[in-house]
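Participant: Take a look at the following structure, please.
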Amino acid sequence: MGLVARVVEQSCIPTVTVSTGRDITALVRPPRSLFVNFPMGNTFGRAGDSATQTKILRAALDFATTATEPGVLFDWPEPWDGPFEYFAGETSPEAIARQKKK
């Protein structure tokens, strides 16, 4: 999304990406990005949590007009309300060999 955002920005349309992958976002450097430290797939919070979803959406829209320089990565200050871990998948030699065949 960050690469698409850069192309859209070239047409003078401000963009904001909302990301759960800070390391990838920092490498891609979209024009403006709001990093939310939530599990992947929950970028705007839990399903049905309209209060959190609205707060994140409003922050992203506000960020589109207040960011003063390109490449800004803002960290959402509220933590996920429970434990979560990133799972990269099976990493055995057999699993890696299967992926290489695909």
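Chains: A, B, ... in order of the structure tokens. Residues: from 1 per chain. Ligands: from 1, in order shown.
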What are the closest atom pairs, with distances in Å to one decimal, for all residues of region 51-73 of chain A lying within 9 Å of region 1-16 of chain A? Consider only C-alpha atoms, order rows by chain and residue number, and present the result as JSON lines.

Facilitator:
{"residue": "A:Ala60", "atom": "CA", "partner": "A:Val16", "partner_atom": "CA", "distance": 6.3}
{"residue": "A:Leu61", "atom": "CA", "partner": "A:Val16", "partner_atom": "CA", "distance": 7.5}
{"residue": "A:Phe63", "atom": "CA", "partner": "A:Val16", "partner_atom": "CA", "distance": 7.2}
{"residue": "A:Ala64", "atom": "CA", "partner": "A:Val16", "partner_atom": "CA", "distance": 5.9}
{"residue": "A:Thr65", "atom": "CA", "partner": "A:Pro14", "partner_atom": "CA", "distance": 7.9}

Participant: Could you find all residues in chain A that DSSP calls strand (DSSP E) from the backbone, and write them as a PyMOL selection string?

Facilitator: chain A and resi 17-19+32-35+72-75

Participant: Find the spatial neighbours of region 69-79 of chain A, counting only C-alpha atoms, within a cut-off of 12 Å - ignore same-chain residues fewer than 3 positions away - and output them as a ChimeraX atom specification.

Facilitator: /A:2-3,5-6,9-10,14-39,43-45,52,55-60,62-66,82-84

Participant: Using C-alpha atoms, can you export the residues from the last selection as an mmCIF file, in the first residue's frame?

Facilitator:
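selection22.cif, freshly written:
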data_model
loop_
_atom_site.group_PDB
_atom_site.id
_atom_site.type_symbol
_atom_site.label_atom_id
_atom_site.label_comp_id
_atom_site.auth_asym_id
_atom_site.auth_seq_id
_atom_site.Cartn_x
_atom_site.Cartn_y
_atom_site.Cartn_z
ATOM 1 C CA GLY A 2 2.845 2.383 0.703
ATOM 2 C CA LEU A 3 4.053 2.219 -2.884
ATOM 3 C CA ALA A 5 0.231 5.810 -1.740
ATOM 4 C CA ARG A 6 3.349 7.387 -3.230
ATOM 5 C CA GLU A 9 0.488 11.505 -3.813
ATOM 6 C CA GLN A 10 2.134 12.429 -7.123
ATOM 7 C CA PRO A 14 -2.938 13.210 0.322
ATOM 8 C CA THR A 15 -2.784 9.635 1.582
ATOM 9 C CA VAL A 16 -2.426 7.897 4.927
ATOM 10 C CA THR A 17 -1.745 4.202 5.346
ATOM 11 C CA VAL A 18 -2.702 2.386 8.531
ATOM 12 C CA SER A 19 -0.236 -0.389 9.240
ATOM 13 C CA THR A 20 0.314 -3.267 11.652
ATOM 14 C CA GLY A 21 3.789 -4.016 10.278
ATOM 15 C CA ARG A 22 6.083 -1.261 11.491
ATOM 16 C CA ASP A 23 9.287 -2.744 10.094
ATOM 17 C CA ILE A 24 7.851 -3.144 6.594
ATOM 18 C CA THR A 25 6.252 0.302 6.706
ATOM 19 C CA ALA A 26 9.547 1.885 7.749
ATOM 20 C CA LEU A 27 11.274 0.247 4.776
ATOM 21 C CA VAL A 28 8.615 1.254 2.220
ATOM 22 C CA ARG A 29 8.314 4.807 3.610
ATOM 23 C CA PRO A 30 4.803 5.780 2.508
ATOM 24 C CA PRO A 31 4.083 9.541 2.601
ATOM 25 C CA ARG A 32 2.192 9.249 5.906
ATOM 26 C CA SER A 33 1.580 6.140 7.951
ATOM 27 C CA LEU A 34 -0.195 5.421 11.210
ATOM 28 C CA PHE A 35 1.301 2.326 12.879
ATOM 29 C CA VAL A 36 -1.144 0.428 15.070
ATOM 30 C CA ASN A 37 0.516 -2.254 17.213
ATOM 31 C CA PHE A 38 -2.370 -4.686 16.861
ATOM 32 C CA PRO A 39 -2.386 -8.217 15.465
ATOM 33 C CA THR A 43 -5.741 -2.827 11.890
ATOM 34 C CA PHE A 44 -8.701 -0.835 13.208
ATOM 35 C CA GLY A 45 -9.294 -2.962 16.313
ATOM 36 C CA THR A 52 -11.796 2.047 18.681
ATOM 37 C CA LYS A 55 -10.866 6.717 16.924
ATOM 38 C CA ILE A 56 -8.259 5.163 14.622
ATOM 39 C CA LEU A 57 -10.080 6.307 11.482
ATOM 40 C CA ARG A 58 -10.405 9.865 12.803
ATOM 41 C CA ALA A 59 -6.717 9.897 13.759
ATOM 42 C CA ALA A 60 -5.745 8.726 10.265
ATOM 43 C CA ASP A 62 -6.559 14.067 10.894
ATOM 44 C CA PHE A 63 -3.017 12.886 10.151
ATOM 45 C CA ALA A 64 -3.632 13.462 6.430
ATOM 46 C CA THR A 65 -3.964 17.184 7.096
ATOM 47 C CA THR A 66 -1.517 17.696 9.983
ATOM 48 C CA GLY A 82 -4.509 -8.609 25.292
ATOM 49 C CA PRO A 83 -1.454 -10.669 24.467
ATOM 50 C CA PHE A 84 -0.614 -11.491 20.859
#

Participant: Report the residues of region 33-102 of chain A whose backbone DSSP state falls under helix (DSSP H, G or I), written as a list of chain:residue names.

Facilitator: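 Helix (DSSP H, G or I) members of region 33-102 of chain A, listed: A:Ser50, A:Ala51, A:Thr52, A:Gln53, A:Thr54, A:Lys55, A:Ile56, A:Leu57, A:Arg58, A:Ala59, A:Ala60, A:Leu61, A:Asp62, A:Phe63, A:Ala64, A:Thr65, A:Thr66, A:Pro93, A:Glu94, A:Ala95, A:Ile96, A:Ala97, A:Arg98, A:Gln99, A:Lys100, A:Lys101.
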
Participant: Write the selection just made, keeping C-alpha atoms, as a compact mmCIF listing (two decimals), in the first residue's frame?

Facilitator:
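Written file, part-v6.txt:
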# COMPACT_ATOMS: atom_id res chain seq x y z
CA SER A 50 -16.80 0.69 16.70
CA ALA A 51 -15.41 3.08 19.33
CA THR A 52 -11.80 2.05 18.68
CA GLN A 53 -12.38 1.78 14.93
CA THR A 54 -13.76 5.33 14.85
CA LYS A 55 -10.87 6.72 16.92
CA ILE A 56 -8.26 5.16 14.62
CA LEU A 57 -10.08 6.31 11.48
CA ARG A 58 -10.40 9.86 12.80
CA ALA A 59 -6.72 9.90 13.76
CA ALA A 60 -5.74 8.73 10.26
CA LEU A 61 -7.92 11.37 8.59
CA ASP A 62 -6.56 14.07 10.89
CA PHE A 63 -3.02 12.89 10.15
CA ALA A 64 -3.63 13.46 6.43
CA THR A 65 -3.96 17.18 7.10
CA THR A 66 -1.52 17.70 9.98
CA PRO A 93 13.60 -27.47 6.70
CA GLU A 94 10.74 -29.52 5.25
CA ALA A 95 8.34 -26.56 5.37
CA ILE A 96 10.89 -24.29 3.69
CA ALA A 97 11.44 -26.86 0.94
CA ARG A 98 7.67 -27.08 0.36
CA GLN A 99 7.46 -23.29 0.01
CA LYS A 100 10.30 -23.22 -2.50
CA LYS A 101 8.42 -25.71 -4.70
